[in-house]
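Peer 1: So I've got this file, start_22.pdb, and it contains PDB, C-alpha atoms and all ligand atoms:
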ATOM      1  CA  MET A   1      17.878 -10.347   6.839
ATOM      2  CA  GLY A   2      14.594 -10.359   4.938
ATOM      3  CA  ARG A   3      12.881 -13.647   4.266
ATOM      4  CA  ARG A   4      12.057 -14.767   0.770
ATOM      5  CA  LEU A   5       9.113 -16.996  -0.130
ATOM      6  CA  GLU A   6       8.710 -18.053  -3.736
ATOM      7  CA  SER A   7       6.978 -20.523  -5.985
ATOM      8  CA  HIS A   8       8.893 -22.145  -8.814
ATOM      9  CA  SER A   9       6.804 -23.393 -11.739
ATOM     10  CA  VAL A  10       4.060 -24.484  -9.371
ATOM     11  CA  SER A  11       1.126 -26.358 -10.836
ATOM     12  CA  PHE A  12      -1.897 -27.529  -8.929
ATOM     13  CA  ALA A  13      -5.334 -29.071  -9.505
ATOM     14  CA  TYR A  14      -7.944 -30.275  -7.005
ATOM     15  CA  VAL A  15      -9.298 -32.577  -9.709
ATOM     16  CA  PRO A  16      -7.014 -33.622 -12.558
ATOM     17  CA  GLU A  17      -9.253 -32.380 -15.385
ATOM     18  CA  SER A  18      -9.400 -28.770 -14.143
ATOM     19  CA  PRO A  19      -6.010 -27.226 -13.377
ATOM     20  CA  VAL A  20      -6.189 -24.254 -11.008
ATOM     21  CA  LEU A  21      -2.583 -23.104 -11.362
ATOM     22  CA  ALA A  22      -0.104 -23.928 -14.113
ATOM     23  CA  ASP A  23       3.606 -23.072 -13.940
ATOM     24  CA  VAL A  24       3.194 -20.227 -11.483
ATOM     25  CA  ASP A  25       6.248 -18.214 -10.418
ATOM     26  CA  VAL A  26       5.648 -15.633  -7.720
ATOM     27  CA  GLY A  27       7.717 -14.421  -4.805
ATOM     28  CA  VAL A  28       7.637 -12.081  -1.847
ATOM     29  CA  THR A  29      10.538 -10.638   0.119
ATOM     30  CA  GLY A  30      10.596  -9.121   3.580
ATOM     31  CA  GLY A  31       9.856  -5.404   3.323
ATOM     32  CA  GLU A  32       7.209  -5.564   0.632
ATOM     33  CA  VAL A  33       3.452  -5.879   0.312
ATOM     34  CA  MET A  34       2.395  -8.057  -2.587
ATOM     35  CA  GLY A  35      -1.259  -7.972  -3.583
ATOM     36  CA  VAL A  36      -2.981 -10.904  -5.276
ATOM     37  CA  ILE A  37      -5.962  -9.897  -7.390
ATOM     38  CA  GLY A  38      -8.195 -11.572  -9.938
ATOM     39  CA  PRO A  39     -11.784 -12.674 -10.471
ATOM     40  CA  ASN A  40     -13.641 -15.165  -8.279
ATOM     41  CA  GLY A  41     -12.383 -18.695  -8.758
ATOM     42  CA  SER A  42      -9.079 -17.630 -10.333
ATOM     43  CA  GLY A  43      -7.064 -19.496  -7.706
ATOM     44  CA  LYS A  44      -6.024 -16.731  -5.309
ATOM     45  CA  SER A  45      -6.872 -18.725  -2.175
ATOM     46  CA  THR A  46      -5.282 -21.814  -3.677
ATOM     47  CA  LEU A  47      -2.074 -19.895  -4.333
ATOM     48  CA  LEU A  48      -1.968 -18.744  -0.698
ATOM     49  CA  ARG A  49      -2.567 -22.311   0.587
ATOM     50  CA  LEU A  50       0.327 -23.505  -1.567
ATOM     51  CA  LEU A  51       2.600 -20.684  -0.383
ATOM     52  CA  CYS A  52       1.970 -21.515   3.272
ATOM     53  CA  GLY A  53       2.362 -25.255   2.785
ATOM     54  CA  PHE A  54      -1.270 -26.262   3.448
ATOM     55  CA  LEU A  55      -1.388 -27.673  -0.061
ATOM     56  CA  ARG A  56       1.442 -29.408  -1.900
ATOM     57  CA  PRO A  57       2.100 -28.504  -5.532
ATOM     58  CA  ALA A  58       1.501 -31.244  -8.092
ATOM     59  CA  ARG A  59       4.594 -29.974  -9.910
ATOM     60  CA  GLY A  60       7.172 -27.358  -9.011
ATOM     61  CA  ALA A  61       8.128 -26.250  -5.520
ATOM     62  CA  VAL A  62       7.609 -23.552  -2.916
ATOM     63  CA  LEU A  63      10.875 -22.322  -1.415
ATOM     64  CA  LEU A  64      11.426 -20.445   1.831
ATOM     65  CA  ASP A  65      14.841 -18.790   1.835
ATOM     66  CA  GLY A  66      15.841 -21.238  -0.876
ATOM     67  CA  GLN A  67      14.747 -24.353   1.040
ATOM     68  CA  PRO A  68      11.757 -26.454  -0.010
ATOM     69  CA  LEU A  69       8.846 -25.625   2.309
ATOM     70  CA  SER A  70       8.072 -29.339   2.540
ATOM     71  CA  ALA A  71      11.442 -29.891   4.257
ATOM     72  CA  ILE A  72      10.694 -27.443   7.089
ATOM     73  CA  ARG A  73       8.907 -28.772  10.175
ATOM     74  CA  SER A  74       5.434 -27.359  10.647
ATOM     75  CA  ARG A  75       6.154 -25.727  14.022
ATOM     76  CA  GLU A  76       9.207 -23.984  12.592
ATOM     77  CA  ARG A  77       7.182 -22.949   9.550
ATOM     78  CA  ALA A  78       4.470 -21.495  11.818
ATOM     79  CA  ARG A  79       7.048 -19.240  13.468
ATOM     80  CA  ILE A  80       8.009 -17.790  10.102
ATOM     81  CA  LEU A  81       4.808 -17.868   8.063
ATOM     82  CA  ALA A  82       1.365 -16.845   9.257
ATOM     83  CA  PHE A  83      -1.713 -17.597   7.194
ATOM     84  CA  LEU A  84      -5.096 -15.946   7.639
ATOM     85  CA  PRO A  85      -7.663 -17.988   5.701
ATOM     86  CA  GLN A  86     -10.672 -16.449   3.993
ATOM     87  CA  THR A  87     -13.082 -17.781   6.614
ATOM     88  CA  VAL A  88     -12.298 -18.840  10.162
ATOM     89  CA  THR A  89     -14.791 -20.244  12.640
ATOM     90  CA  PRO A  90     -13.366 -21.205  16.027
ATOM     91  CA  ALA A  91     -14.713 -24.575  17.149
ATOM     92  CA  PHE A  92     -15.624 -23.437  20.654
ATOM     93  CA  ALA A  93     -16.576 -20.288  22.554
ATOM     94  CA  LEU A  94     -13.588 -18.024  23.140
ATOM     95  CA  THR A  95     -13.166 -14.400  24.056
ATOM     96  CA  ALA A  96     -11.453 -12.135  21.539
ATOM     97  CA  PHE A  97      -8.381 -12.081  23.776
ATOM     98  CA  GLU A  98      -8.251 -15.903  23.876
ATOM     99  CA  VAL A  99      -8.423 -16.002  20.081
ATOM    100  CA  VAL A 100      -5.448 -13.643  19.884
ATOM    101  CA  LEU A 101      -3.569 -15.645  22.514
ATOM    102  CA  LEU A 102      -4.064 -18.788  20.392
ATOM    103  CA  GLY A 103      -1.796 -17.108  17.861
ATOM    104  CA  ARG A 104       1.028 -17.543  20.373
ATOM    105  CA  TYR A 105       0.710 -21.326  20.121
ATOM    106  CA  PRO A 106       3.780 -21.970  17.895
ATOM    107  CA  ARG A 107       5.818 -19.719  20.211
ATOM    108  CA  LEU A 108       4.909 -21.263  23.572
ATOM    109  CA  GLY A 109       7.529 -22.846  25.779
ATOM    110  CA  PRO A 110       7.880 -26.564  26.521
ATOM    111  CA  LEU A 111       4.936 -26.569  28.957
ATOM    112  CA  GLY A 112       2.683 -25.136  26.281
ATOM    113  CA  ALA A 113       1.055 -22.627  28.636
ATOM    114  CA  PRO A 114       1.008 -18.912  27.781
ATOM    115  CA  ALA A 115       3.142 -16.805  30.111
ATOM    116  CA  GLY A 116       2.889 -13.127  31.054
ATOM    117  CA  ARG A 117       4.978 -12.155  28.059
ATOM    118  CA  ASP A 118       2.602 -13.996  25.691
ATOM    119  CA  ARG A 119      -0.304 -12.054  27.185
ATOM    120  CA  GLU A 120       1.563  -8.789  26.765
ATOM    121  CA  ILE A 121       2.299  -9.527  23.130
ATOM    122  CA  ALA A 122      -1.315 -10.548  22.526
ATOM    123  CA  LEU A 123      -2.525  -7.299  24.052
ATOM    124  CA  ARG A 124      -0.038  -5.218  22.070
ATOM    125  CA  CYS A 125      -1.284  -6.845  18.851
ATOM    126  CA  MET A 126      -4.858  -6.036  19.879
ATOM    127  CA  ARG A 127      -3.883  -2.400  20.351
ATOM    128  CA  GLU A 128      -2.211  -2.351  16.928
ATOM    129  CA  THR A 129      -5.398  -3.599  15.304
ATOM    130  CA  GLU A 130      -7.617  -1.419  17.518
ATOM    131  CA  THR A 131      -9.316  -4.422  19.064
ATOM    132  CA  ASP A 132      -8.194  -4.041  22.695
ATOM    133  CA  GLY A 133     -11.641  -2.653  23.531
ATOM    134  CA  LEU A 134     -13.118  -5.993  22.401
ATOM    135  CA  ARG A 135     -10.825  -7.990  24.669
ATOM    136  CA  TYR A 136     -13.507  -9.585  26.881
ATOM    137  CA  ARG A 137     -16.119 -10.035  24.159
ATOM    138  CA  ASP A 138     -17.215 -13.488  23.046
ATOM    139  CA  PHE A 139     -15.597 -13.877  19.613
ATOM    140  CA  GLY A 140     -18.807 -15.363  18.216
ATOM    141  CA  THR A 141     -20.745 -12.167  18.937
ATOM    142  CA  LEU A 142     -18.395  -9.832  17.063
ATOM    143  CA  SER A 143     -19.307  -8.237  13.757
ATOM    144  CA  GLY A 144     -17.592  -9.524  10.610
ATOM    145  CA  GLY A 145     -15.200  -6.587  10.576
ATOM    146  CA  GLU A 146     -14.381  -6.895  14.271
ATOM    147  CA  ARG A 147     -13.646 -10.585  13.802
ATOM    148  CA  GLN A 148     -11.299  -9.867  10.912
ATOM    149  CA  ARG A 149      -9.312  -7.412  12.997
ATOM    150  CA  VAL A 150      -9.145  -9.819  15.952
ATOM    151  CA  LEU A 151      -7.934 -12.581  13.624
ATOM    152  CA  LEU A 152      -5.297 -10.257  12.253
ATOM    153  CA  ALA A 153      -4.184  -9.543  15.832
ATOM    154  CA  SER A 154      -4.010 -13.293  16.384
ATOM    155  CA  ILE A 155      -1.625 -13.927  13.514
ATOM    156  CA  LEU A 156       0.473 -10.888  14.437
ATOM    157  CA  ALA A 157       0.809 -12.419  17.912
ATOM    158  CA  GLN A 158       2.462 -15.375  16.208
ATOM    159  CA  GLU A 159       5.336 -12.933  15.445
ATOM    160  CA  PRO A 160       5.925 -14.296  11.958
ATOM    161  CA  ASP A 161       8.210 -12.786   9.332
ATOM    162  CA  LEU A 162       5.807 -13.377   6.458
ATOM    163  CA  LEU A 163       2.057 -12.842   6.481
ATOM    164  CA  LEU A 164      -0.289 -14.473   3.979
ATOM    165  CA  LEU A 165      -3.727 -12.894   4.239
ATOM    166  CA  ASP A 166      -6.769 -14.059   2.306
ATOM    167  CA  GLU A 167      -9.199 -11.152   1.921
ATOM    168  CA  PRO A 168      -8.523  -9.718   5.381
ATOM    169  CA  THR A 169     -10.615  -6.638   4.671
ATOM    170  CA  ALA A 170     -13.596  -8.280   2.990
ATOM    171  CA  ALA A 171     -15.990  -7.391   5.833
ATOM    172  CA  LEU A 172     -14.469  -4.051   6.772
ATOM    173  CA  ASP A 173     -15.852  -0.569   6.280
ATOM    174  CA  ILE A 174     -13.840   1.907   4.238
ATOM    175  CA  ASN A 175     -11.978   3.369   7.246
ATOM    176  CA  HIS A 176     -11.062   0.056   8.787
ATOM    177  CA  GLN A 177     -10.016  -1.264   5.388
ATOM    178  CA  ALA A 178      -7.641   1.655   4.887
ATOM    179  CA  GLY A 179      -6.518   1.235   8.513
ATOM    180  CA  ILE A 180      -5.610  -2.415   7.973
ATOM    181  CA  PHE A 181      -3.737  -1.676   4.745
ATOM    182  CA  ALA A 182      -1.866   1.163   6.453
ATOM    183  CA  LEU A 183      -0.978  -1.309   9.201
ATOM    184  CA  LEU A 184       0.286  -3.794   6.591
ATOM    185  CA  ARG A 185       2.423  -1.050   5.047
ATOM    186  CA  GLY A 186       3.854  -0.276   8.475
ATOM    187  CA  LEU A 187       4.662  -3.960   9.003
ATOM    188  CA  ALA A 188       6.460  -4.071   5.647
ATOM    189  CA  ARG A 189       8.476  -1.010   6.638
ATOM    190  CA  ASN A 190       9.599  -3.000   9.666
ATOM    191  CA  GLY A 191      10.765  -5.874   7.466
ATOM    192  CA  TYR A 192       7.710  -8.122   7.279
ATOM    193  CA  GLY A 193       6.797  -9.623   3.930
ATOM    194  CA  VAL A 194       3.069  -9.474   3.231
ATOM    195  CA  VAL A 195       0.975 -11.290   0.634
ATOM    196  CA  VAL A 196      -2.611 -10.089   0.616
ATOM    197  CA  VAL A 197      -5.547 -11.206  -1.495
ATOM    198  CA  THR A 198      -8.068  -8.470  -2.067
ATOM    199  CA  HIS A 199     -10.957  -7.665  -4.356
ATOM    200  CA  ASP A 200     -10.479  -3.961  -3.914
ATOM    201  CA  LEU A 201      -8.263  -3.075  -6.848
ATOM    202  CA  ASN A 202      -8.117   0.586  -5.895
ATOM    203  CA  VAL A 203      -6.886  -0.134  -2.399
ATOM    204  CA  ALA A 204      -4.459  -2.690  -3.860
ATOM    205  CA  GLY A 205      -3.155  -0.032  -6.244
ATOM    206  CA  GLN A 206      -2.651   2.431  -3.446
ATOM    207  CA  PHE A 207      -1.036   0.203  -0.811
ATOM    208  CA  CYS A 208       0.785  -2.648  -2.554
ATOM    209  CA  ASP A 209       4.352  -2.525  -3.874
ATOM    210  CA  ARG A 210       3.629  -5.255  -6.370
ATOM    211  CA  LEU A 211       0.567  -6.995  -7.719
ATOM    212  CA  VAL A 212      -0.063 -10.445  -9.120
ATOM    213  CA  LEU A 213      -3.075 -10.540 -11.430
ATOM    214  CA  MET A 214      -4.634 -13.973 -11.883
ATOM    215  CA  SER A 215      -7.221 -15.147 -14.389
ATOM    216  CA  ALA A 216      -9.682 -17.998 -14.375
ATOM    217  CA  ARG A 217      -7.549 -19.720 -17.004
ATOM    218  CA  ALA A 218      -5.065 -21.198 -14.533
ATOM    219  CA  ARG A 219      -2.466 -18.580 -15.182
ATOM    220  CA  ILE A 220      -0.997 -15.320 -14.073
ATOM    221  CA  VAL A 221      -1.884 -12.543 -16.481
ATOM    222  CA  ALA A 222       0.673 -10.079 -15.137
ATOM    223  CA  GLN A 223       2.806  -9.161 -12.179
ATOM    224  CA  GLY A 224       4.626  -5.948 -11.409
ATOM    225  CA  THR A 225       4.006  -2.542  -9.881
ATOM    226  CA  PRO A 226       0.386  -1.329  -9.622
ATOM    227  CA  ARG A 227       0.997   0.942 -12.610
ATOM    228  CA  GLN A 228       2.279  -1.965 -14.696
ATOM    229  CA  VAL A 229      -0.547  -4.324 -13.742
ATOM    230  CA  LEU A 230      -3.618  -2.105 -13.352
ATOM    231  CA  THR A 231      -3.993  -1.318 -17.011
ATOM    232  CA  ARG A 232      -7.116  -1.408 -19.081
ATOM    233  CA  ASP A 233      -5.884  -4.227 -21.314
ATOM    234  CA  LEU A 234      -4.567  -6.546 -18.621
ATOM    235  CA  LEU A 235      -7.598  -6.102 -16.367
ATOM    236  CA  THR A 236     -10.015  -6.548 -19.241
ATOM    237  CA  GLU A 237      -8.216  -9.788 -20.118
ATOM    238  CA  ALA A 238      -8.218 -11.095 -16.538
ATOM    239  CA  TYR A 239     -11.812 -10.118 -15.687
ATOM    240  CA  GLU A 240     -13.114 -10.909 -19.181
ATOM    241  CA  SER A 241     -15.132  -7.724 -19.149
ATOM    242  CA  PRO A 242     -14.253  -4.126 -20.117
ATOM    243  CA  ILE A 243     -12.489  -2.150 -17.395
ATOM    244  CA  VAL A 244     -11.637   1.558 -17.282
ATOM    245  CA  VAL A 245      -8.557   2.887 -15.506
ATOM    246  CA  THR A 246      -8.180   6.485 -14.326
ATOM    247  CA  GLU A 247      -5.959   8.122 -11.724
ATOM    248  CA  HIS A 248      -6.499   8.823  -8.027
ATOM    249  CA  PRO A 249      -6.815  12.623  -7.678
ATOM    250  CA  ILE A 250      -4.546  12.764  -4.615
ATOM    251  CA  THR A 251      -2.165   9.803  -4.701
ATOM    252  CA  GLY A 252      -1.922   9.445  -8.492
ATOM    253  CA  THR A 253      -2.310   5.662  -8.142
ATOM    254  CA  PRO A 254      -4.517   3.829 -10.668
ATOM    255  CA  LEU A 255      -8.279   3.829 -10.108
ATOM    256  CA  VAL A 256     -10.219   0.998 -11.660
ATOM    257  CA  TRP A 257     -13.880   0.783 -12.687
ATOM    258  CA  PRO A 258     -16.000  -1.579 -14.744
ATOM    259  CA  GLU A 259     -16.837   0.154 -18.033
ATOM    260  CA  PRO A 260     -20.226   1.799 -17.451
ATOM    261  CA  ALA A 261     -22.081  -0.076 -20.213
ATOM    262  CA  SER A 262     -21.113  -3.396 -18.629
ATOM    263  CA  ALA A 263     -21.380  -2.359 -14.969
ATOM    264  CA  GLY A 264     -23.248  -5.009 -13.060
ATOM    265  CA  GLY A 265     -23.079  -7.250 -16.089
ATOM    266  CA  ALA A 266     -20.746  -9.864 -14.595
ATOM    267  CA  LYS A 267     -22.109 -13.374 -14.710
ATOM    268  CA  PRO A 268     -23.009 -14.707 -11.242
TER
HETATM  269  N1  LIG A 301     -11.262 -27.825  -1.880
HETATM  270  C1  LIG A 301     -11.549 -27.716  -3.178
HETATM  271  N2  LIG A 301     -11.902 -28.796  -3.914
HETATM  272  C2  LIG A 301     -12.167 -28.700  -5.238
HETATM  273  N3  LIG A 301     -12.113 -27.536  -5.935
HETATM  274  C3  LIG A 301     -11.771 -26.433  -5.268
HETATM  275  C4  LIG A 301     -11.468 -26.451  -3.853
HETATM  276  N4  LIG A 301     -11.159 -25.200  -3.475
HETATM  277  C5  LIG A 301     -11.254 -24.425  -4.582
HETATM  278  N5  LIG A 301     -11.621 -25.165  -5.657
HETATM  279  C6  LIG A 301     -11.796 -24.656  -7.032
HETATM  280  O1  LIG A 301     -10.539 -24.146  -7.464
HETATM  281  C7  LIG A 301     -10.718 -22.932  -8.206
HETATM  282  C8  LIG A 301      -9.947 -21.816  -7.536
HETATM  283  O2  LIG A 301     -10.525 -21.554  -6.268
HETATM  284  P1  LIG A 301      -9.940 -20.483  -5.256
HETATM  285  O3  LIG A 301      -8.488 -20.701  -5.120
HETATM  286  O4  LIG A 301     -10.778 -20.556  -4.014
HETATM  287  O5  LIG A 301     -10.215 -19.140  -6.060
HETATM  288  P2  LIG A 301     -10.330 -17.621  -5.563
HETATM  289  O6  LIG A 301      -9.776 -17.570  -4.180
HETATM  290  O7  LIG A 301      -9.550 -16.848  -6.562
HETATM  291  O8  LIG A 301     -11.778 -17.253  -5.627
HETATM  292  C9  LIG A 301     -12.222 -22.702  -8.271
HETATM  293  O9  LIG A 301     -12.680 -23.222  -9.495
HETATM  294  C10 LIG A 301     -12.760 -23.515  -7.105
HETATM  295  O10 LIG A 301     -14.068 -23.951  -7.365
HETATM  296 MG    MG A 302     -10.583 -17.013  -2.367
END
Show this structure as structure tokens.
Peer 2:
Amino acid sequence: MGRRLESHSVSFAYVPESPVLADVDVGVTGGEVMGVIGPNGSGKSTLLRLLCGFLRPARGAVLLDGQPLSAIRSRERARILAFLPQTVTPAFALTAFEVVLLGRYPRLGPLGAPAGRDREIALRCMRETETDGLRYRDFGTLSGGERQRVLLASILAQEPDLLLLDEPTAALDINHQAGIFALLRGLARNGYGVVVVTHDLNVAGQFCDRLVLMSARARIVAQGTPRQVLTRDLLTEAYESPIVVTEHPITGTPLVWPEPASAGGAKP
């Protein structure tokens, strides 16, 4: 049975005078990849933190299979939901393999020590993310892209049903980015539900089943299939700058560009 994670009229503000999200309804079901897109500061990371229970909504609720997330114990939640934050810095020196093994934490037995099976799962997840060659490397010495893939292996080792990933491909080259998204698609085919924040609208259009487009005005501009969401009008509204949409020559999925006259014109 596929899991379902959804927000019901969720509102949130870090400081009362500037709401980040107002009355947001989104949901993801096992088997699908949902992309979250929108300009910097539009609340994408905040939405993910609310969906995984790190933040509590000021109003509304987040439900996991119909139950309020706040009513589920954190260890139980960690077996179902995995969250990869935008930036992760381990507090002490660990090898890549140890970082992946840490993902097993919510799954460990009563003694809390990883067993042979935990190591096997950790290694399998490293193979899936093509990081097994980095196994003995000090995590701190890895490149940004290598770290991202090791962190992805770590949350896969958690064996969750739902993955919430905040810009998991931000530091990746074009091949590794496509590789990670292909991996996410494969996970969805096997029943995982995936929510992924990305700035790459073209990759989002190619790999996601559904997209949520956020704007800096505390609201969701649109949600639906890539074709429904990646339109000139909706993107221009969300990014507050003219956007052109064409079509991918091979896949036929939408391709998005800033309108040439305004390219590079975004305010810092
Ligand atoms: N811990 C925080 N305290 C106060 N304001 C925050 C905090 N985190 C984010 N914000 C603000 O909330 C808004 C949304 O941020 P965020 O969710 O990180 O956006 P995005 O991920 O889309 O770039 C921004 O205006 C940001 O400055
Ligand atoms: Mg963010």
Peer 1: For atom N4 of ligand LIG 301 (chain A) and atom CA of Gly43 of chain A, quote the distance in Å rounded to one decimal.
Peer 2: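 Here the two named atoms are 8.2 Å from each other.
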Peer 1: Pick out the residues sitting within 7 Å of segment 223-225 of chain A, and hand them over as a list in words; count only C-alpha atoms, and ignore anything fewer than 3 positions along from it in its own chain.
Peer 2: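 In the requested form, the answer reads Asp209, Arg210, Leu211, Val212, Leu213, Gln228 and Val229 of chain A.
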Peer 1: Would you please work out which residue, of A:Arg107, A:Arg79, A:His199, A:Arg185, is nearest to ligand MG 302 (chain A) when using only C-alpha atoms and all ligand atoms?
Peer 2: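 Closest residue, counting only C-alpha atoms and all ligand atoms: A:His199.
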Peer 1: For ligand MG 302 (chain A), return the neighbouring residues as an MDAnalysis selection string (distance at most 10 Å; only C-alpha atoms and all ligand atoms).
Peer 2: chainID A and resid 37:48 85:87 166:167 197:199
Peer 1: Between atom CA of Pro254 of chain A and atom CA of Val20 of chain A, what is the distance in Å, rounded to a tenth?
Peer 2: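 Rounded to one decimal, the two atoms are 28.1 Å apart.
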Peer 1: Measuring between all atoms listed in the file, which one of A:Ala113, A:Pro160, A:Val245, A:Leu235 shows the shortest distance to Glu76 of chain A?
Peer 2: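 Answer, going by the shortest atom-to-atom distance: A:Pro160.
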Peer 1: Using the file's own x, y and z axes, so that the box edges lie along x, y and z, what centre and edge lengths in Å (one decimal) does a box around every listed atom of ligand LIG 301 (chain A) get when 5 Å is added on each side? Give it as AutoDock Vina command-line options.
Peer 2:
--center_x -11.3 --center_y -22.8 --center_z -5.7 --size_x 15.6 --size_y 21.9 --size_z 17.6
Peer 1: Figure out the distance between atom CA of Leu94 of chain A and atom CA of Arg119 of chain A, please, to one decimal in Å.
Peer 2: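 Value for the atom CA of Arg119 of chain A-atom CA of Leu94 of chain A distance: 15.1 Å.
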Peer 1: I'd like to see the residues matched by the PyMOL selection byres (((chain A and resi 152) around 9) and not hetatm) on this file, and ideally I'd get them as a short mmCIF file (atom, residue, chain, number, x, y, z; two decimals) with C-alpha atoms, keeping the file's coordinate frame.
Peer 2:
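Writing the result to part_12.cif gives the following:
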data_model
loop_
_atom_site.label_atom_id
_atom_site.label_comp_id
_atom_site.auth_asym_id
_atom_site.auth_seq_id
_atom_site.Cartn_x
_atom_site.Cartn_y
_atom_site.Cartn_z
CA LEU A 84 -5.10 -15.95 7.64
CA VAL A 100 -5.45 -13.64 19.88
CA CYS A 125 -1.28 -6.84 18.85
CA MET A 126 -4.86 -6.04 19.88
CA THR A 129 -5.40 -3.60 15.30
CA ARG A 147 -13.65 -10.58 13.80
CA GLN A 148 -11.30 -9.87 10.91
CA ARG A 149 -9.31 -7.41 13.00
CA VAL A 150 -9.14 -9.82 15.95
CA LEU A 151 -7.93 -12.58 13.62
CA ALA A 153 -4.18 -9.54 15.83
CA SER A 154 -4.01 -13.29 16.38
CA ILE A 155 -1.62 -13.93 13.51
CA LEU A 156 0.47 -10.89 14.44
CA ALA A 157 0.81 -12.42 17.91
CA LEU A 165 -3.73 -12.89 4.24
CA PRO A 168 -8.52 -9.72 5.38
CA ILE A 180 -5.61 -2.42 7.97
#
Peer 1: Which is closer to His248 of chain A than all the others in A:Met214, A:Cys52, A:Val203, A:Leu108, using only C-alpha atoms?
Peer 2: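 Result for the nearest residue to His248 of chain A: A:Val203.
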Peer 1: Residue by residue, what does the PyMOL selection byres (((chain A and resi 70-74) around 12) and not hetatm) grab here? Present the result as a PyMOL selection string.
Peer 2: chain A and resi 50-57+60-69+75-82+106
Peer 1: Please produce a file of the residues just selected, as a PDB file, in the coordinates of the input, where the atoms kept are C-alpha atoms.
Peer 2:
ATOM      1  CA  LEU A  50       0.327 -23.505  -1.567  1.00  0.00           C
ATOM      2  CA  LEU A  51       2.600 -20.684  -0.383  1.00  0.00           C
ATOM      3  CA  CYS A  52       1.970 -21.515   3.272  1.00  0.00           C
ATOM      4  CA  GLY A  53       2.362 -25.255   2.785  1.00  0.00           C
ATOM      5  CA  PHE A  54      -1.270 -26.262   3.448  1.00  0.00           C
ATOM      6  CA  LEU A  55      -1.388 -27.673  -0.061  1.00  0.00           C
ATOM      7  CA  ARG A  56       1.442 -29.408  -1.900  1.00  0.00           C
ATOM      8  CA  PRO A  57       2.100 -28.504  -5.532  1.00  0.00           C
ATOM      9  CA  GLY A  60       7.172 -27.358  -9.011  1.00  0.00           C
ATOM     10  CA  ALA A  61       8.128 -26.250  -5.520  1.00  0.00           C
ATOM     11  CA  VAL A  62       7.609 -23.552  -2.916  1.00  0.00           C
ATOM     12  CA  LEU A  63      10.875 -22.322  -1.415  1.00  0.00           C
ATOM     13  CA  LEU A  64      11.426 -20.445   1.831  1.00  0.00           C
ATOM     14  CA  ASP A  65      14.841 -18.790   1.835  1.00  0.00           C
ATOM     15  CA  GLY A  66      15.841 -21.238  -0.876  1.00  0.00           C
ATOM     16  CA  GLN A  67      14.747 -24.353   1.040  1.00  0.00           C
ATOM     17  CA  PRO A  68      11.757 -26.454  -0.010  1.00  0.00           C
ATOM     18  CA  LEU A  69       8.846 -25.625   2.309  1.00  0.00           C
ATOM     19  CA  ARG A  75       6.154 -25.727  14.022  1.00  0.00           C
ATOM     20  CA  GLU A  76       9.207 -23.984  12.592  1.00  0.00           C
ATOM     21  CA  ARG A  77       7.182 -22.949   9.550  1.00  0.00           C
ATOM     22  CA  ALA A  78       4.470 -21.495  11.818  1.00  0.00           C
ATOM     23  CA  ARG A  79       7.048 -19.240  13.468  1.00  0.00           C
ATOM     24  CA  ILE A  80       8.009 -17.790  10.102  1.00  0.00           C
ATOM     25  CA  LEU A  81       4.808 -17.868   8.063  1.00  0.00           C
ATOM     26  CA  ALA A  82       1.365 -16.845   9.257  1.00  0.00           C
ATOM     27  CA  PRO A 106       3.780 -21.970  17.895  1.00  0.00           C
TER      28      PRO A 106
END
Peer 1: Restricting the calculation to all atoms listed in the file: of A:Thr169, A:Tyr136, A:Tyr239, A:Gly193, which residue gets closest to Ala216 of chain A?
Peer 2: A:Tyr239
Peer 1: Excluding Glu237 of chain A and its own-chain neighbours fewer than 4 positions away, which residues fall within 8 Å of it when counting all atoms listed in the file? Please give them as a PDB file with C-alpha atoms, in the frame of the given file.
Peer 2:
ATOM      1  CA  SER A 215      -7.221 -15.147 -14.389  1.00  0.00           C
ATOM      2  CA  VAL A 221      -1.884 -12.543 -16.481  1.00  0.00           C
ATOM      3  CA  ASP A 233      -5.884  -4.227 -21.314  1.00  0.00           C
ATOM      4  CA  SER A 241     -15.132  -7.724 -19.149  1.00  0.00           C
TER       5      SER A 241
END
Peer 1: So which one's closest to Leu172 of chain A, A:Gln158, A:Arg189, A:Gly145, A:Ser7? Using only C-alpha atoms, please.
Peer 2: A:Gly145
